[in-house]
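First the structure, in the form of structure tokens, and then the observations on it.
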2 protein chains.
Amino acid sequence: MNYSIGEVAKKLNFKIHTLRYYDREGLIPSVERTANGTRVFKESDIELLKFIQCLKNSGMAIKDIKNFIEWSSEGDSTLQQRYDLFQKQKIAVEKQIEELQEALNVIEHKSNYYKAALDAGTEDAQGKKKIGTSVLD
Amino acid sequence: MNYSIGEVAKKLNFKIHTLRYYDREGLIPSVERTANGTRVFKESDIELLKFIQCLKNSGMAIKDIKNFIEWSSEGDSTLQQRYDLFQKQKIAVEKQIEELQEALNVIEHKSNYYKAALDAGTEDAQGKKKIGTSVLD
DNA sequence: ACTTGCCCTAAAGTTAACTTCATGAAGTAA
DNA sequence: TTACTTCATGAAGTTAACTTTAGGGCAAGT
């Protein structure tokens, strides 16, 4: 089954512009063209785009994704690079998750604090000791 | 205890420029100045900066942090805004963590795949069915 | 006096990842 | 045929969050 750029955009919730941008940047070299230049996306291109979406969610930069795509087309000689890339990204993501967990604790605390303040009608009931320190309670 | 901008930068691992930028953007209005304009950071400013660092880690935008700081100085009339901000951020962070977890699974799979390929000396031993599909294995 | 090392500002520059703009061609529906 | 939709390109514009540049002040050490 083949798809037009518009169909892919709708299906994967990308903007058409973004898909063309990714194409320009070399992220989807497998996408083919009709005689008059219209892009034709195959099922495997959809899968690739889902994977790209996942890597983007992990915070991987476009240029790293591009490198990976290039390495993939170069065969076994780039296995080490590809391994290193994903090892590095794995560690980066683990660190990110840790930081987000910490931040989440603080944010939940603040959220609860303001919920209680709202119920009380004022912040002054929340164990606030001095005027002007509320930012950090 | 008071600190100069350089001391704060070293202590919290910010660049001096970034601290001045945050000041310009209204994130640390409580920082005072000496007669000739040099910034003087108090202990409470350090704590505020740590909190800002945490919010930044959570992906909160500078302008949202600035809003929060402003609201904090306006008293009980902005309790709802502050509550909404942290509720919204809480949900955003939870979503981020979820996406990162998903991405982490995929990335770990890739990392293991390439580890095995490296050990085998070639990608072709990894159950790869057809040439050219390696990107998605 | 002079050099070093801290501090200051305003403004311009950078980077990533889009996004918009100006323009035009091909295909379809009435 | 005219109108509409979808496709295309290259190039310029946008946004956030810094970062760098260019200028200069003050205080301590030699």
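Convention: chains lettered A, B, ... in structure tokens order; per-chain residue numbering from 1; ligands numbered from 1 as shown.
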Write out the coordinates of chain B as a short mmCIF file (atom, residue, chain, number, x, y, z; two decimals) with N, CA, C and O atoms, in the first residue's frame after a least-squares overlay onto chain A built on all ordered Cα pairs.
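Result file follows (out_33.cif):
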data_model
loop_
_atom_site.label_atom_id
_atom_site.label_comp_id
_atom_site.auth_asym_id
_atom_site.auth_seq_id
_atom_site.Cartn_x
_atom_site.Cartn_y
_atom_site.Cartn_z
N MET B 1 0.84 -1.23 -0.08
CA MET B 1 0.02 0.00 -0.06
C MET B 1 0.91 1.25 -0.05
O MET B 1 1.83 1.34 0.72
N ASN B 2 0.56 2.20 -0.89
CA ASN B 2 1.31 3.46 -0.96
C ASN B 2 0.50 4.64 -0.44
O ASN B 2 -0.73 4.60 -0.44
N TYR B 3 1.20 5.68 -0.01
CA TYR B 3 0.54 6.85 0.57
C TYR B 3 1.13 8.14 0.00
O TYR B 3 2.32 8.22 -0.30
N SER B 4 0.27 9.14 -0.11
CA SER B 4 0.76 10.48 -0.48
C SER B 4 1.25 11.17 0.80
O SER B 4 0.97 10.72 1.91
N ILE B 5 1.94 12.27 0.62
CA ILE B 5 2.48 13.00 1.76
C ILE B 5 1.36 13.46 2.70
O ILE B 5 1.50 13.43 3.92
N GLY B 6 0.22 13.83 2.10
CA GLY B 6 -0.91 14.28 2.91
C GLY B 6 -1.50 13.16 3.74
O GLY B 6 -1.85 13.36 4.91
N GLU B 7 -1.58 11.98 3.16
CA GLU B 7 -2.10 10.82 3.88
C GLU B 7 -1.19 10.45 5.05
O GLU B 7 -1.66 10.17 6.16
N VAL B 8 0.11 10.49 4.78
CA VAL B 8 1.08 10.15 5.84
C VAL B 8 0.98 11.17 6.98
O VAL B 8 0.97 10.82 8.16
N ALA B 9 0.88 12.44 6.59
CA ALA B 9 0.80 13.51 7.59
C ALA B 9 -0.40 13.28 8.51
O ALA B 9 -0.28 13.36 9.73
N LYS B 10 -1.53 12.98 7.91
CA LYS B 10 -2.75 12.76 8.70
C LYS B 10 -2.60 11.51 9.58
O LYS B 10 -2.86 11.54 10.78
N LYS B 11 -2.11 10.44 8.98
CA LYS B 11 -1.97 9.15 9.66
C LYS B 11 -1.05 9.25 10.89
O LYS B 11 -1.34 8.69 11.95
N LEU B 12 0.09 9.95 10.73
CA LEU B 12 1.09 9.97 11.81
C LEU B 12 1.08 11.29 12.58
O LEU B 12 1.92 11.50 13.46
N ASN B 13 0.16 12.17 12.21
CA ASN B 13 0.07 13.44 12.90
C ASN B 13 1.34 14.30 12.79
O ASN B 13 1.81 14.89 13.77
N PHE B 14 1.91 14.28 11.58
CA PHE B 14 2.98 15.20 11.22
C PHE B 14 2.37 16.28 10.36
O PHE B 14 1.34 16.05 9.71
N LYS B 15 3.00 17.43 10.28
CA LYS B 15 2.61 18.40 9.27
C LYS B 15 3.29 18.02 7.96
O LYS B 15 4.41 17.48 7.96
N ILE B 16 2.61 18.29 6.85
CA ILE B 16 3.20 18.02 5.54
C ILE B 16 4.57 18.67 5.42
O ILE B 16 5.53 18.08 4.95
N HIS B 17 4.64 19.92 5.88
CA HIS B 17 5.89 20.68 5.82
C HIS B 17 7.02 19.97 6.56
O HIS B 17 8.16 19.99 6.13
N THR B 18 6.66 19.37 7.67
CA THR B 18 7.67 18.69 8.49
C THR B 18 8.20 17.46 7.76
O THR B 18 9.40 17.19 7.78
N LEU B 19 7.30 16.75 7.09
CA LEU B 19 7.74 15.58 6.32
C LEU B 19 8.69 15.99 5.20
O LEU B 19 9.70 15.34 4.97
N ARG B 20 8.34 17.08 4.53
CA ARG B 20 9.23 17.55 3.46
C ARG B 20 10.57 17.99 4.04
O ARG B 20 11.64 17.75 3.46
N TYR B 21 10.51 18.63 5.20
CA TYR B 21 11.73 19.05 5.89
C TYR B 21 12.60 17.84 6.24
O TYR B 21 13.81 17.83 6.00
N TYR B 22 11.98 16.80 6.76
CA TYR B 22 12.73 15.58 7.10
C TYR B 22 13.35 14.96 5.85
O TYR B 22 14.46 14.46 5.88
N ASP B 23 12.60 15.02 4.78
CA ASP B 23 13.11 14.49 3.51
C ASP B 23 14.35 15.28 3.09
O ASP B 23 15.39 14.71 2.77
N ARG B 24 14.21 16.59 3.12
CA ARG B 24 15.34 17.46 2.76
C ARG B 24 16.56 17.17 3.62
O ARG B 24 17.69 17.20 3.15
N GLU B 25 16.33 16.88 4.89
CA GLU B 25 17.42 16.63 5.82
C GLU B 25 17.98 15.21 5.72
O GLU B 25 18.88 14.84 6.47
N GLY B 26 17.41 14.42 4.83
CA GLY B 26 17.97 13.09 4.62
C GLY B 26 17.50 12.01 5.59
O GLY B 26 18.13 10.97 5.72
N LEU B 27 16.38 12.24 6.25
CA LEU B 27 15.89 11.27 7.24
C LEU B 27 15.12 10.12 6.59
O LEU B 27 15.00 9.04 7.20
N ILE B 28 14.57 10.38 5.40
CA ILE B 28 13.74 9.35 4.77
C ILE B 28 14.14 9.15 3.30
O ILE B 28 13.34 9.39 2.39
N PRO B 29 15.38 8.71 3.07
CA PRO B 29 15.90 8.60 1.70
C PRO B 29 15.20 7.51 0.89
O PRO B 29 15.31 7.50 -0.33
N SER B 30 14.48 6.62 1.58
CA SER B 30 13.83 5.51 0.88
C SER B 30 12.52 5.91 0.20
O SER B 30 11.97 5.15 -0.58
N VAL B 31 12.04 7.13 0.50
CA VAL B 31 10.80 7.58 -0.14
C VAL B 31 11.05 7.83 -1.62
O VAL B 31 12.02 8.49 -1.99
N GLU B 32 10.19 7.28 -2.46
CA GLU B 32 10.38 7.43 -3.91
C GLU B 32 9.50 8.54 -4.48
O GLU B 32 8.74 9.18 -3.74
N ARG B 33 9.64 8.76 -5.78
CA ARG B 33 8.89 9.83 -6.45
C ARG B 33 8.20 9.28 -7.69
O ARG B 33 8.69 8.35 -8.33
N THR B 34 7.08 9.91 -8.05
CA THR B 34 6.45 9.61 -9.35
C THR B 34 7.21 10.39 -10.41
O THR B 34 8.11 11.18 -10.10
N ALA B 35 6.82 10.19 -11.67
CA ALA B 35 7.49 10.85 -12.79
C ALA B 35 7.53 12.37 -12.60
O ALA B 35 8.54 13.02 -12.87
N ASN B 36 6.44 12.93 -12.07
CA ASN B 36 6.42 14.39 -11.95
C ASN B 36 6.86 14.90 -10.57
O ASN B 36 6.63 16.06 -10.23
N GLY B 37 7.50 14.03 -9.79
CA GLY B 37 8.14 14.51 -8.56
C GLY B 37 7.35 14.32 -7.28
O GLY B 37 7.85 14.62 -6.20
N THR B 38 6.13 13.82 -7.37
CA THR B 38 5.33 13.61 -6.16
C THR B 38 5.88 12.44 -5.33
O THR B 38 6.20 11.39 -5.87
N ARG B 39 5.99 12.67 -4.02
CA ARG B 39 6.53 11.63 -3.13
C ARG B 39 5.55 10.46 -2.98
O ARG B 39 4.34 10.67 -2.85
N VAL B 40 6.11 9.26 -2.96
CA VAL B 40 5.30 8.06 -2.74
C VAL B 40 5.85 7.33 -1.51
O VAL B 40 6.99 6.87 -1.52
N PHE B 41 5.04 7.27 -0.45
CA PHE B 41 5.47 6.62 0.80
C PHE B 41 4.98 5.18 0.83
O PHE B 41 3.80 4.91 0.60
N LYS B 42 5.89 4.26 1.11
CA LYS B 42 5.53 2.86 1.26
C LYS B 42 5.26 2.56 2.74
O LYS B 42 5.56 3.36 3.61
N GLU B 43 4.74 1.37 2.98
CA GLU B 43 4.49 0.92 4.35
C GLU B 43 5.77 1.03 5.19
O GLU B 43 5.73 1.48 6.35
N SER B 44 6.91 0.65 4.60
CA SER B 44 8.17 0.67 5.35
C SER B 44 8.59 2.11 5.70
O SER B 44 9.26 2.35 6.70
N ASP B 45 8.15 3.05 4.85
CA ASP B 45 8.46 4.46 5.14
C ASP B 45 7.64 4.95 6.34
O ASP B 45 8.12 5.73 7.16
N ILE B 46 6.42 4.47 6.40
CA ILE B 46 5.56 4.78 7.55
C ILE B 46 6.20 4.25 8.83
O ILE B 46 6.28 4.96 9.84
N GLU B 47 6.68 3.02 8.76
CA GLU B 47 7.33 2.42 9.93
C GLU B 47 8.57 3.21 10.33
O GLU B 47 8.81 3.46 11.51
N LEU B 48 9.33 3.61 9.33
CA LEU B 48 10.53 4.41 9.60
C LEU B 48 10.16 5.72 10.27
O LEU B 48 10.79 6.15 11.23
N LEU B 49 9.10 6.35 9.79
CA LEU B 49 8.67 7.63 10.37
C LEU B 49 8.20 7.46 11.81
O LEU B 49 8.45 8.32 12.65
N LYS B 50 7.56 6.33 12.09
CA LYS B 50 7.16 6.07 13.48
C LYS B 50 8.40 5.94 14.37
O LYS B 50 8.43 6.43 15.50
N PHE B 51 9.40 5.27 13.82
CA PHE B 51 10.65 5.10 14.56
C PHE B 51 11.32 6.46 14.77
O PHE B 51 11.80 6.77 15.88
N ILE B 52 11.33 7.28 13.74
CA ILE B 52 11.90 8.63 13.85
C ILE B 52 11.16 9.44 14.91
O ILE B 52 11.76 10.14 15.72
N GLN B 53 9.85 9.29 14.93
CA GLN B 53 9.02 9.97 15.93
C GLN B 53 9.44 9.55 17.34
O GLN B 53 9.56 10.39 18.24
N CYS B 54 9.69 8.29 17.47
CA CYS B 54 10.12 7.74 18.76
C CYS B 54 11.48 8.31 19.16
O CYS B 54 11.67 8.73 20.30
N LEU B 55 12.41 8.33 18.22
CA LEU B 55 13.74 8.87 18.51
C LEU B 55 13.66 10.36 18.86
O LEU B 55 14.33 10.84 19.75
N LYS B 56 12.79 11.08 18.15
CA LYS B 56 12.59 12.49 18.43
C LYS B 56 12.04 12.66 19.84
O LYS B 56 12.49 13.53 20.59
N ASN B 57 11.09 11.83 20.20
CA ASN B 57 10.54 11.88 21.57
C ASN B 57 11.62 11.65 22.62
O ASN B 57 11.52 12.16 23.73
N SER B 58 12.62 10.88 22.24
CA SER B 58 13.70 10.59 23.19
C SER B 58 14.67 11.76 23.28
O SER B 58 15.61 11.73 24.06
N GLY B 59 14.46 12.77 22.45
CA GLY B 59 15.33 13.94 22.47
C GLY B 59 16.50 13.84 21.51
O GLY B 59 17.41 14.67 21.55
N MET B 60 16.52 12.82 20.65
CA MET B 60 17.62 12.71 19.69
C MET B 60 17.51 13.81 18.64
O MET B 60 16.42 14.10 18.16
N ALA B 61 18.64 14.42 18.32
CA ALA B 61 18.66 15.51 17.34
C ALA B 61 18.50 14.96 15.93
O ALA B 61 18.91 13.84 15.64
N ILE B 62 17.91 15.79 15.06
CA ILE B 62 17.73 15.45 13.65
C ILE B 62 19.03 14.96 13.03
O ILE B 62 19.06 13.97 12.31
N LYS B 63 20.11 15.65 13.31
CA LYS B 63 21.37 15.30 12.65
C LYS B 63 21.91 13.94 13.12
O LYS B 63 22.58 13.25 12.37
N ASP B 64 21.59 13.56 14.35
CA ASP B 64 21.98 12.23 14.83
C ASP B 64 21.14 11.15 14.16
O ASP B 64 21.63 10.08 13.82
N ILE B 65 19.86 11.45 13.99
CA ILE B 65 18.98 10.50 13.30
C ILE B 65 19.46 10.34 11.86
O ILE B 65 19.55 9.23 11.33
N LYS B 66 19.81 11.47 11.25
CA LYS B 66 20.33 11.44 9.88
C LYS B 66 21.58 10.58 9.79
O LYS B 66 21.73 9.78 8.89
N ASN B 67 22.50 10.77 10.74
CA ASN B 67 23.71 9.96 10.77
C ASN B 67 23.36 8.47 10.83
O ASN B 67 23.91 7.67 10.09
N PHE B 68 22.45 8.15 11.70
CA PHE B 68 22.05 6.75 11.86
C PHE B 68 21.51 6.18 10.55
O PHE B 68 21.87 5.06 10.14
N ILE B 69 20.66 6.95 9.87
CA ILE B 69 20.10 6.50 8.60
C ILE B 69 21.21 6.25 7.59
O ILE B 69 21.23 5.23 6.88
N GLU B 70 22.15 7.17 7.56
CA GLU B 70 23.29 7.02 6.64
C GLU B 70 24.09 5.76 6.97
O GLU B 70 24.41 4.95 6.10
N TRP B 71 24.41 5.62 8.25
CA TRP B 71 25.19 4.44 8.68
C TRP B 71 24.47 3.15 8.32
O TRP B 71 25.11 2.17 7.93
N SER B 72 23.16 3.17 8.46
CA SER B 72 22.39 1.96 8.18
C SER B 72 22.55 1.51 6.74
O SER B 72 22.49 0.32 6.43
N SER B 73 22.78 2.47 5.87
CA SER B 73 22.91 2.12 4.44
C SER B 73 24.34 1.73 4.09
O SER B 73 24.62 1.35 2.97
N GLU B 74 25.23 1.84 5.08
CA GLU B 74 26.65 1.57 4.79
C GLU B 74 27.10 0.19 5.24
O GLU B 74 28.27 -0.17 5.09
N GLY B 75 26.19 -0.54 5.85
CA GLY B 75 26.51 -1.92 6.21
C GLY B 75 27.34 -2.10 7.47
O GLY B 75 27.49 -1.19 8.28
N ASP B 76 27.91 -3.27 7.61
CA ASP B 76 28.55 -3.70 8.85
C ASP B 76 29.69 -2.80 9.34
O ASP B 76 30.03 -2.82 10.52
N SER B 77 30.27 -2.04 8.44
CA SER B 77 31.41 -1.21 8.85
C SER B 77 31.00 -0.11 9.83
O SER B 77 31.86 0.51 10.46
N THR B 78 29.70 0.15 9.95
CA THR B 78 29.25 1.22 10.85
C THR B 78 28.50 0.67 12.07
O THR B 78 27.85 1.43 12.78
N LEU B 79 28.63 -0.62 12.30
CA LEU B 79 27.92 -1.22 13.44
C LEU B 79 28.32 -0.55 14.76
O LEU B 79 27.48 -0.28 15.62
N GLN B 80 29.62 -0.29 14.90
CA GLN B 80 30.10 0.31 16.15
C GLN B 80 29.48 1.69 16.37
O GLN B 80 29.01 2.00 17.46
N GLN B 81 29.48 2.52 15.33
CA GLN B 81 28.89 3.86 15.45
C GLN B 81 27.43 3.78 15.88
O GLN B 81 26.98 4.53 16.73
N ARG B 82 26.71 2.86 15.26
CA ARG B 82 25.29 2.74 15.56
C ARG B 82 25.08 2.25 16.99
O ARG B 82 24.23 2.77 17.72
N TYR B 83 25.91 1.31 17.39
CA TYR B 83 25.82 0.83 18.77
C TYR B 83 26.11 1.98 19.75
O TYR B 83 25.36 2.19 20.71
N ASP B 84 27.18 2.72 19.47
CA ASP B 84 27.56 3.84 20.35
C ASP B 84 26.44 4.86 20.45
O ASP B 84 26.14 5.37 21.53
N LEU B 85 25.84 5.16 19.30
CA LEU B 85 24.75 6.15 19.28
C LEU B 85 23.62 5.73 20.22
O LEU B 85 23.15 6.53 21.04
N PHE B 86 23.21 4.48 20.14
CA PHE B 86 22.07 4.05 20.95
C PHE B 86 22.45 3.85 22.42
O PHE B 86 21.63 4.09 23.30
N GLN B 87 23.68 3.46 22.65
CA GLN B 87 24.15 3.38 24.03
C GLN B 87 24.11 4.77 24.68
O GLN B 87 23.61 4.95 25.79
N LYS B 88 24.64 5.74 23.95
CA LYS B 88 24.69 7.12 24.44
C LYS B 88 23.28 7.64 24.68
O LYS B 88 22.98 8.25 25.70
N GLN B 89 22.39 7.34 23.73
CA GLN B 89 21.02 7.83 23.83
C GLN B 89 20.30 7.15 24.99
O GLN B 89 19.51 7.79 25.69
N LYS B 90 20.59 5.89 25.19
CA LYS B 90 19.97 5.15 26.30
C LYS B 90 20.31 5.84 27.62
O LYS B 90 19.42 6.09 28.45
N ILE B 91 21.58 6.15 27.80
CA ILE B 91 22.02 6.80 29.04
C ILE B 91 21.38 8.19 29.17
O ILE B 91 20.93 8.58 30.25
N ALA B 92 21.32 8.91 28.05
CA ALA B 92 20.71 10.25 28.06
C ALA B 92 19.25 10.17 28.48
O ALA B 92 18.77 10.99 29.28
N VAL B 93 18.54 9.18 27.95
CA VAL B 93 17.11 9.05 28.26
C VAL B 93 16.92 8.67 29.72
O VAL B 93 16.05 9.20 30.41
N GLU B 94 17.75 7.76 30.21
CA GLU B 94 17.66 7.37 31.62
C GLU B 94 17.86 8.57 32.53
O GLU B 94 17.15 8.75 33.52
N LYS B 95 18.82 9.41 32.17
CA LYS B 95 19.09 10.62 32.96
C LYS B 95 17.90 11.57 32.91
O LYS B 95 17.48 12.13 33.92
N GLN B 96 17.36 11.72 31.71
CA GLN B 96 16.19 12.59 31.53
C GLN B 96 15.01 12.14 32.39
O GLN B 96 14.34 12.96 33.01
N ILE B 97 14.78 10.83 32.38
CA ILE B 97 13.65 10.29 33.16
C ILE B 97 13.87 10.57 34.65
O ILE B 97 12.95 10.98 35.35
N GLU B 98 15.10 10.40 35.08
CA GLU B 98 15.43 10.66 36.49
C GLU B 98 15.15 12.12 36.85
O GLU B 98 14.51 12.41 37.87
N GLU B 99 15.63 13.02 36.01
CA GLU B 99 15.42 14.45 36.27
C GLU B 99 13.94 14.80 36.28
O GLU B 99 13.47 15.60 37.09
N LEU B 100 13.21 14.18 35.36
CA LEU B 100 11.78 14.47 35.28
C LEU B 100 11.06 13.94 36.52
O LEU B 100 10.13 14.57 37.01
N GLN B 101 11.50 12.81 37.01
CA GLN B 101 10.89 12.25 38.22
C GLN B 101 11.09 13.20 39.40
O GLN B 101 10.17 13.47 40.16
N GLU B 102 12.31 13.69 39.53
CA GLU B 102 12.62 14.65 40.59
C GLU B 102 11.75 15.90 40.45
O GLU B 102 11.15 16.37 41.42
N ALA B 103 11.72 16.42 39.23
CA ALA B 103 10.92 17.62 38.97
C ALA B 103 9.45 17.35 39.28
O ALA B 103 8.76 18.20 39.86
N LEU B 104 9.00 16.17 38.91
CA LEU B 104 7.59 15.82 39.14
C LEU B 104 7.25 15.87 40.63
O LEU B 104 6.19 16.37 41.02
N ASN B 105 8.16 15.37 41.46
CA ASN B 105 7.93 15.42 42.90
C ASN B 105 7.72 16.86 43.37
O ASN B 105 6.78 17.16 44.10
N VAL B 106 8.62 17.72 42.94
CA VAL B 106 8.55 19.12 43.35
C VAL B 106 7.26 19.76 42.84
O VAL B 106 6.57 20.46 43.58
N ILE B 107 6.93 19.47 41.59
CA ILE B 107 5.75 20.07 40.97
C ILE B 107 4.47 19.57 41.65
O ILE B 107 3.54 20.34 41.88
N GLU B 108 4.46 18.30 41.99
CA GLU B 108 3.28 17.76 42.70
C GLU B 108 3.13 18.42 44.06
O GLU B 108 2.02 18.75 44.49
N HIS B 109 4.25 18.63 44.70
CA HIS B 109 4.23 19.31 46.00
C HIS B 109 3.62 20.71 45.86
O HIS B 109 2.76 21.11 46.65
N LYS B 110 4.08 21.43 44.83
CA LYS B 110 3.56 22.79 44.60
C LYS B 110 2.07 22.74 44.27
O LYS B 110 1.29 23.56 44.75
N SER B 111 1.70 21.78 43.45
CA SER B 111 0.31 21.67 43.04
C SER B 111 -0.57 21.43 44.27
O SER B 111 -1.62 22.07 44.44
N ASN B 112 -0.13 20.55 45.14
CA ASN B 112 -0.88 20.26 46.37
C ASN B 112 -0.93 21.49 47.27
O ASN B 112 -1.97 21.78 47.88
N TYR B 113 0.19 22.17 47.34
CA TYR B 113 0.27 23.38 48.16
C TYR B 113 -0.78 24.40 47.73
O TYR B 113 -1.52 24.95 48.54
N TYR B 114 -0.84 24.63 46.42
CA TYR B 114 -1.78 25.65 45.92
C TYR B 114 -3.22 25.17 45.99
O TYR B 114 -4.14 25.96 46.17
N LYS B 115 -3.40 23.85 45.87
CA LYS B 115 -4.75 23.30 46.05
C LYS B 115 -5.24 23.61 47.46
O LYS B 115 -6.36 24.10 47.66
N ALA B 116 -4.39 23.36 48.44
CA ALA B 116 -4.74 23.60 49.84
C ALA B 116 -4.96 25.10 50.08
O ALA B 116 -5.90 25.51 50.79
N ALA B 117 -4.11 25.91 49.47
CA ALA B 117 -4.24 27.36 49.63
C ALA B 117 -5.56 27.85 49.04
O ALA B 117 -6.25 28.69 49.62
N LEU B 118 -5.93 27.27 47.90
CA LEU B 118 -7.20 27.64 47.27
C LEU B 118 -8.37 27.26 48.16
O LEU B 118 -9.31 28.03 48.35
N ASP B 119 -8.31 26.06 48.73
CA ASP B 119 -9.37 25.60 49.61
C ASP B 119 -9.48 26.51 50.84
O ASP B 119 -10.58 26.83 51.29
N ALA B 120 -8.32 26.94 51.34
CA ALA B 120 -8.30 27.80 52.52
C ALA B 120 -8.62 29.25 52.15
O ALA B 120 -8.89 30.08 53.02
N GLY B 121 -8.54 29.57 50.88
CA GLY B 121 -8.80 30.94 50.43
C GLY B 121 -7.59 31.84 50.52
O GLY B 121 -7.58 32.95 50.00
N THR B 122 -6.56 31.37 51.16
CA THR B 122 -5.33 32.17 51.26
C THR B 122 -4.11 31.27 51.43
O THR B 122 -4.20 30.15 51.94
N GLU B 123 -3.00 31.82 51.01
CA GLU B 123 -1.73 31.11 51.09
C GLU B 123 -1.20 31.10 52.52
O GLU B 123 -0.39 30.25 52.88
N ASP B 124 -1.68 32.03 53.33
CA ASP B 124 -1.11 32.22 54.66
C ASP B 124 -1.39 31.06 55.61
O ASP B 124 -0.78 30.94 56.66
N ALA B 125 -2.30 30.19 55.22
CA ALA B 125 -2.62 29.06 56.09
C ALA B 125 -1.72 27.86 55.84
O ALA B 125 -1.79 26.87 56.54
N GLN B 126 -0.84 27.96 54.82
CA GLN B 126 -0.06 26.79 54.41
C GLN B 126 1.28 26.66 55.11
O GLN B 126 2.24 26.11 54.56
N GLY B 127 1.39 27.14 56.35
CA GLY B 127 2.65 27.00 57.06
C GLY B 127 3.71 27.94 56.55
O GLY B 127 4.90 27.74 56.75
N LYS B 128 3.28 28.95 55.83
CA LYS B 128 4.22 29.94 55.32
C LYS B 128 4.71 30.78 56.50
O LYS B 128 3.92 31.36 57.24
N LYS B 129 6.01 30.85 56.68
CA LYS B 129 6.54 31.51 57.87
C LYS B 129 6.68 33.01 57.70
O LYS B 129 6.31 33.80 58.54
N LYS B 130 7.25 33.42 56.60
CA LYS B 130 7.50 34.85 56.40
C LYS B 130 6.90 35.32 55.08
O LYS B 130 6.79 34.57 54.13
N ILE B 131 6.56 36.59 55.03
CA ILE B 131 6.08 37.18 53.79
C ILE B 131 7.20 37.14 52.75
O ILE B 131 8.37 37.38 53.06
N GLY B 132 6.86 36.83 51.55
CA GLY B 132 7.84 36.91 50.47
C GLY B 132 8.60 35.63 50.21
O GLY B 132 9.44 35.57 49.34
N THR B 133 8.33 34.58 50.95
CA THR B 133 9.04 33.33 50.70
C THR B 133 8.16 32.32 49.98
O THR B 133 8.58 31.21 49.74
N SER B 134 6.97 32.73 49.59
CA SER B 134 5.99 31.77 49.08
C SER B 134 6.48 31.00 47.85
O SER B 134 6.12 29.86 47.66
N VAL B 135 7.30 31.61 47.05
CA VAL B 135 7.79 30.96 45.85
C VAL B 135 8.37 29.59 46.16
O VAL B 135 8.26 28.65 45.38
N LEU B 136 8.98 29.48 47.32
CA LEU B 136 9.73 28.26 47.62
C LEU B 136 9.03 27.30 48.57
O LEU B 136 9.60 26.31 48.98
N ASP B 137 7.79 27.59 48.90
CA ASP B 137 7.11 26.70 49.85
C ASP B 137 6.74 25.37 49.22
O ASP B 137 6.56 25.30 48.02
#
Counting only C-alpha atoms (C1' of nucleotides), which residues of chain D fall within 9 Å of chain B, and what is the closest atom pair for each with its distance in Å at one decimal, ordered by chain and rising number, as a tab-separated table?
residue	atom	partner	partner_atom	distance
D:DA16	C1'	B:Ala61	CA	8.4
D:DA17	C1'	B:Ile62	CA	8.3
D:DC18	C1'	B:Thr18	CA	7.0
D:DT19	C1'	B:His17	CA	7.7
D:DG25	C1'	B:Asn36	CA	8.8
D:DC26	C1'	B:Asn36	CA	8.5
Next, write the just-selected residues to a file, as a compact mmCIF listing (two decimals), in the first residue's frame, keeping N, CA and C atoms (P, O5', C5', C4', C3', O3' and C1' of nucleotides) as the atom set.
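Just written: selection.txt:
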# COMPACT_ATOMS: atom_id res chain seq x y z
P DA D 16 8.94 32.13 21.97
O5' DA D 16 9.95 31.11 22.62
C5' DA D 16 9.90 29.73 22.28
C4' DA D 16 11.15 29.07 22.82
C3' DA D 16 11.63 29.67 24.14
O3' DA D 16 11.96 28.60 25.01
C1' DA D 16 13.35 29.85 22.49
P DA D 17 12.29 28.93 26.53
O5' DA D 17 13.87 28.96 26.49
C5' DA D 17 14.56 27.81 26.01
C4' DA D 17 16.02 28.15 25.90
C3' DA D 17 16.58 28.91 27.12
O3' DA D 17 17.83 28.36 27.48
C1' DA D 17 17.11 30.02 25.13
P DC D 18 18.40 28.53 28.94
O5' DC D 18 19.00 30.00 28.95
C5' DC D 18 20.36 30.31 28.66
C4' DC D 18 20.78 29.86 27.27
C3' DC D 18 22.24 30.10 27.01
O3' DC D 18 22.85 28.94 26.46
C1' DC D 18 20.94 31.13 25.32
P DT D 19 24.41 28.71 26.73
O5' DT D 19 25.11 29.79 25.78
C5' DT D 19 25.07 29.63 24.36
C4' DT D 19 25.85 30.73 23.71
C3' DT D 19 27.15 31.14 24.43
O3' DT D 19 28.19 30.97 23.48
C1' DT D 19 25.87 33.05 23.84
P DG D 25 34.59 53.67 31.82
O5' DG D 25 34.12 52.99 33.19
C5' DG D 25 32.72 52.97 33.53
C4' DG D 25 32.59 52.26 34.88
C3' DG D 25 33.56 52.76 35.94
O3' DG D 25 32.91 52.77 37.20
C1' DG D 25 33.93 50.45 35.54
P DC D 26 33.56 53.59 38.39
O5' DC D 26 34.16 52.45 39.32
C5' DC D 26 33.25 51.53 39.95
C4' DC D 26 34.05 50.42 40.62
C3' DC D 26 35.17 50.91 41.56
O3' DC D 26 35.14 50.09 42.72
C1' DC D 26 36.05 49.39 40.03
| query | atom C1' of C:DA10 and atom C1' of D:DA12 are how many Å apart? | reply |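 Spanning atom C1' of C:DA10 to atom C1' of D:DA12 is a straight-line distance of 26.9 Å.
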| message | From a backbone DSSP assignment, name each residue in chain B labelled strand (DSSP E), as a ChimeraX atom specification. | response | /B:2-3,32-33,39-42
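Using only C-alpha atoms (C1' of nucleotides), the contacts of D:DC4 at a cut-off of 12 Å, with sequence neighbours closer than 5 positions omitted, comprise DG27, DT28, DA29 and DA30 of chain C.
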| said: Residues of chain C were defined as contacting chain B if any atom lay at most 12 Å from it, counting only C-alpha atoms (C1' of nucleotides); please report them as a ChimeraX atom specification. | reply: /C:5-10
| request: Please measure the separation of atom C1' of D:DT5 and atom C1' of C:DA22, giving the value in Å to one decimal. | output: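 Between atom C1' of D:DT5 and atom C1' of C:DA22 the gap is 18.2 Å.
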